[in-house]
Amino acid sequence: KVIANYDASGKLYTQIKEGQPCDLFFSADWKYIEKGLQEGKLAEGRKWLKEKLVLVVSAGGRDKVKTVEDLAKPGVTVAIADPKAPVGIYSERALMKALGIWDKVEKNIKARPGTVQDAAVLVKENQVDATLIYTSVAKQHGLTPIQVIEERYSGEILFGVGIVKGGKEALAKKFLEFCQQNLGEFTKYGWEAP
């Protein structure tokens, strides 16, 4: 029996640090696996899946937004996930350092959702014109990416998985092996093997 707890990776890691019972930690950012290993909270960590950052637009944003640069145009409403969620970090990195349009885009931000799922819902429900999310999340919500953000802009998006120290380590490892054997179930939804 698998009992799941879904939230932003940073929040989940904080729960693990504070002693919340957990056996297996799937993180949308490899840094939390590295951190867990360094801080002695994880018994083992593995690279799990790779993702891509994509631009998606709402029905109301289709005429306004054709490329990521259009997020900086006056009158465009944007959702960029909170940087506590890895997708927020990747989005800010792409817009700030690589593309150099963060200052203009920041003026158009209408929402800073806490998770990548929340960002997708805002676009799906036409509450903002556009957002940056993962390929797999776009697919899950039936949103068609209009642009893939190159890895040189977002940085490598690497998901990790860690076996939590002091949990049901043997059972967690067995479940992880099962997931690894069925990686095709994940890749068909937009992820890539690392």
# chains A, B, ... in the order shown; residues from 1 in each chain; ligands from 1
>>> residues_around(residues="A:Val137", least_positions_apart="6", cutoff="12 Å", atoms="only C-alpha atoms", output="PyMOL selection string")
chain A and resi 28+51-56+87+115-121+123-124+131+143-145+186+189-191
>>> residues_around(residues="A:Ala172", least_positions_apart="5", cutoff="9 Å", atoms="only C-alpha atoms", output="ChimeraX atom specification")
/A:23-24,163-164,167,177
>>> write_last_selection(atoms="all heavy atoms", output="compact mmCIF listing (two decimals), in the first residue's frame")
# COMPACT_ATOMS: atom_id res chain seq x y z
N ASP A 23 9.25 7.19 3.84
CA ASP A 23 10.16 6.11 3.47
C ASP A 23 10.94 6.42 2.19
O ASP A 23 12.10 6.07 2.06
CB ASP A 23 9.38 4.80 3.30
CG ASP A 23 8.62 4.44 4.55
OD1 ASP A 23 9.24 4.40 5.63
OD2 ASP A 23 7.39 4.22 4.48
N LEU A 24 10.27 7.07 1.23
CA LEU A 24 10.86 7.33 -0.07
C LEU A 24 10.50 8.75 -0.48
O LEU A 24 9.34 9.15 -0.40
CB LEU A 24 10.30 6.32 -1.08
CG LEU A 24 11.01 6.10 -2.39
CD1 LEU A 24 12.46 5.70 -2.20
CD2 LEU A 24 10.29 5.04 -3.20
N ILE A 163 16.03 7.31 -0.43
CA ILE A 163 15.49 6.42 0.60
C ILE A 163 15.77 7.10 1.93
O ILE A 163 16.91 7.42 2.26
CB ILE A 163 16.13 5.03 0.51
CG1 ILE A 163 15.74 4.38 -0.83
CG2 ILE A 163 15.72 4.16 1.70
CD1 ILE A 163 16.45 3.08 -1.13
N VAL A 164 14.69 7.37 2.67
CA VAL A 164 14.80 8.12 3.92
C VAL A 164 15.38 7.23 5.02
O VAL A 164 14.92 6.11 5.25
CB VAL A 164 13.42 8.69 4.34
CG1 VAL A 164 13.54 9.46 5.66
CG2 VAL A 164 12.86 9.58 3.23
N GLY A 167 13.42 5.13 8.00
CA GLY A 167 12.10 4.71 7.55
C GLY A 167 12.13 3.21 7.26
O GLY A 167 13.02 2.49 7.72
N GLU A 177 13.05 -0.10 -6.80
CA GLU A 177 13.46 -1.02 -7.86
C GLU A 177 12.29 -1.32 -8.81
O GLU A 177 12.47 -1.38 -10.02
CB GLU A 177 14.00 -2.34 -7.26
CG GLU A 177 15.28 -2.18 -6.47
CD GLU A 177 16.44 -1.59 -7.26
OE1 GLU A 177 16.49 -1.76 -8.50
OE2 GLU A 177 17.30 -0.94 -6.65
>>> residues_around(residues="A:Ala81", least_positions_apart="3", cutoff="6 Å", atoms="only C-alpha atoms", output="number ranges by chain")
A: 88, 112-114
>>> write_last_selection(atoms="C-alpha atoms", output="short mmCIF file (atom, residue, chain, number, x, y, z; two decimals), in the first residue's frame")
data_model
loop_
_atom_site.label_atom_id
_atom_site.label_comp_id
_atom_site.auth_asym_id
_atom_site.auth_seq_id
_atom_site.Cartn_x
_atom_site.Cartn_y
_atom_site.Cartn_z
CA GLY A 88 10.14 28.47 -9.91
CA ARG A 112 3.44 33.05 -7.72
CA PRO A 113 1.83 29.61 -7.25
CA GLY A 114 3.39 27.21 -4.74
#
>>> closest_residue(among="A:Ala193, A:Gln180, A:Gln127, A:Phe175", to="A:Val2", atoms="only C-alpha atoms")
A:Phe175
>>> residues_around(residues="A:Phe26", least_positions_apart="5", cutoff="12 Å", atoms="only C-alpha atoms", output="ChimeraX atom specification")
/A:4-10,12-13,16,31-33,36,42,45-49,158-164,172,176,179
>>> select_by_dssp(residues="chain A", states="helix (DSSP H, G or I)", output="JSON, numbers by chain")
{"A": [9, 10, 11, 12, 13, 14, 15, 16, 17, 30, 31, 32, 33, 34, 35, 36, 37, 38, 59, 60, 61, 68, 69, 70, 71, 72, 86, 87, 88, 89, 90, 91, 92, 93, 94, 95, 96, 97, 98, 102, 103, 104, 105, 106, 116, 117, 118, 119, 120, 121, 122, 123, 124, 135, 136, 137, 138, 139, 140, 151, 152, 153, 154, 169, 170, 171, 172, 173, 174, 175, 176, 177, 178, 179, 180, 181, 184, 185, 186, 187]}
>>> atom_distance(atom1="atom CA of A:Gly40", atom2="atom CA of A:Gly19")
12.4 Å
>>> select_by_dssp(residues="chain A", states="strand (DSSP E)", output="JSON, numbers by chain")
{"A": [24, 25, 26, 27, 42, 43, 44, 45, 46, 47, 48, 49, 50, 51, 53, 54, 55, 56, 57, 78, 79, 109, 110, 111, 130, 131, 132, 133, 134, 147, 148, 149, 157, 158, 159, 160, 161, 162, 163, 164]}
>>> write_last_selection(atoms="N, CA and C atoms", output="compact mmCIF listing (two decimals), in the first residue's frame")
# COMPACT_ATOMS: atom_id res chain seq x y z
N LEU A 24 10.27 7.07 1.23
CA LEU A 24 10.86 7.33 -0.07
C LEU A 24 10.50 8.75 -0.48
N PHE A 25 11.49 9.50 -0.91
CA PHE A 25 11.32 10.91 -1.26
C PHE A 25 11.64 11.13 -2.73
N PHE A 26 10.63 11.49 -3.52
CA PHE A 26 10.82 11.83 -4.93
C PHE A 26 10.88 13.36 -5.00
N SER A 27 11.98 13.89 -5.51
CA SER A 27 12.19 15.33 -5.55
C SER A 27 12.31 15.82 -6.99
N LEU A 42 19.04 10.98 4.32
CA LEU A 42 18.78 9.94 3.32
C LEU A 42 19.86 8.87 3.38
N ALA A 43 19.42 7.62 3.29
CA ALA A 43 20.34 6.50 3.30
C ALA A 43 20.95 6.28 1.91
N GLU A 44 20.19 6.66 0.89
CA GLU A 44 20.63 6.46 -0.49
C GLU A 44 19.92 7.46 -1.38
N GLY A 45 20.59 7.89 -2.44
CA GLY A 45 19.97 8.79 -3.40
C GLY A 45 20.32 8.38 -4.82
N ARG A 46 19.37 8.56 -5.72
CA ARG A 46 19.58 8.21 -7.13
C ARG A 46 19.03 9.30 -8.03
N LYS A 47 19.69 9.46 -9.16
CA LYS A 47 19.13 10.32 -10.21
C LYS A 47 17.94 9.55 -10.78
N TRP A 48 16.85 10.26 -10.99
CA TRP A 48 15.60 9.57 -11.31
C TRP A 48 15.11 9.87 -12.72
N LEU A 49 14.74 11.11 -13.00
CA LEU A 49 14.19 11.48 -14.29
C LEU A 49 14.70 12.86 -14.70
N LYS A 50 14.67 13.11 -16.00
CA LYS A 50 15.02 14.45 -16.52
C LYS A 50 13.74 15.08 -17.06
N GLU A 51 13.70 16.39 -16.98
CA GLU A 51 12.55 17.15 -17.45
C GLU A 51 12.99 18.29 -18.34
N LEU A 53 11.69 22.41 -19.31
CA LEU A 53 10.83 23.54 -19.00
C LEU A 53 10.18 23.99 -20.30
N VAL A 54 8.85 24.19 -20.27
CA VAL A 54 8.14 24.60 -21.47
C VAL A 54 7.23 25.78 -21.18
N LEU A 55 6.98 26.56 -22.22
CA LEU A 55 6.05 27.68 -22.15
C LEU A 55 4.68 27.18 -22.61
N VAL A 56 3.66 27.44 -21.78
CA VAL A 56 2.28 27.12 -22.15
C VAL A 56 1.44 28.38 -22.02
N VAL A 57 0.41 28.48 -22.86
CA VAL A 57 -0.46 29.65 -22.85
C VAL A 57 -1.91 29.24 -22.67
N VAL A 78 1.20 36.82 -16.29
CA VAL A 78 2.08 35.66 -16.18
C VAL A 78 2.00 35.06 -14.77
N ALA A 79 2.12 33.74 -14.72
CA ALA A 79 2.32 33.04 -13.44
C ALA A 79 3.71 32.42 -13.50
N ILE A 109 3.87 39.63 -13.63
CA ILE A 109 3.51 38.47 -12.82
C ILE A 109 2.26 38.76 -12.01
N LYS A 110 1.25 37.95 -12.24
CA LYS A 110 -0.02 38.07 -11.54
C LYS A 110 -0.09 37.10 -10.37
N ALA A 111 0.64 35.98 -10.47
CA ALA A 111 0.58 34.96 -9.42
C ALA A 111 1.92 34.26 -9.27
N ALA A 130 0.02 33.05 -19.49
CA ALA A 130 1.08 32.07 -19.74
C ALA A 130 1.83 31.71 -18.46
N THR A 131 2.55 30.58 -18.53
CA THR A 131 3.43 30.16 -17.46
C THR A 131 4.49 29.23 -18.02
N LEU A 132 5.49 28.95 -17.19
CA LEU A 132 6.52 27.97 -17.51
C LEU A 132 6.32 26.78 -16.58
N ILE A 133 6.20 25.59 -17.16
CA ILE A 133 6.00 24.36 -16.39
C ILE A 133 6.82 23.25 -17.02
N TYR A 134 6.73 22.05 -16.45
CA TYR A 134 7.43 20.89 -17.01
C TYR A 134 6.62 20.26 -18.15
N GLN A 147 6.71 26.45 -26.67
CA GLN A 147 8.17 26.60 -26.78
C GLN A 147 8.83 25.77 -25.69
N VAL A 148 9.87 25.06 -26.06
CA VAL A 148 10.71 24.35 -25.09
C VAL A 148 11.87 25.26 -24.75
N ILE A 149 12.10 25.46 -23.46
CA ILE A 149 13.20 26.31 -23.01
C ILE A 149 14.46 25.46 -22.99
N ILE A 157 17.44 20.00 -15.55
CA ILE A 157 16.32 19.71 -14.65
C ILE A 157 16.33 18.21 -14.38
N LEU A 158 16.84 17.89 -13.22
CA LEU A 158 17.05 16.49 -12.85
C LEU A 158 16.29 16.17 -11.58
N PHE A 159 15.37 15.23 -11.69
CA PHE A 159 14.62 14.76 -10.54
C PHE A 159 15.43 13.68 -9.84
N GLY A 160 15.26 13.60 -8.55
CA GLY A 160 15.97 12.58 -7.78
C GLY A 160 15.02 11.82 -6.88
N VAL A 161 15.53 10.74 -6.34
CA VAL A 161 14.76 9.95 -5.38
C VAL A 161 15.71 9.52 -4.27
N GLY A 162 15.21 9.57 -3.06
CA GLY A 162 16.03 9.21 -1.92
C GLY A 162 15.29 8.28 -0.96
N ILE A 163 16.03 7.31 -0.43
CA ILE A 163 15.49 6.42 0.60
C ILE A 163 15.77 7.10 1.93
N VAL A 164 14.69 7.37 2.67
CA VAL A 164 14.80 8.12 3.92
C VAL A 164 15.38 7.23 5.02
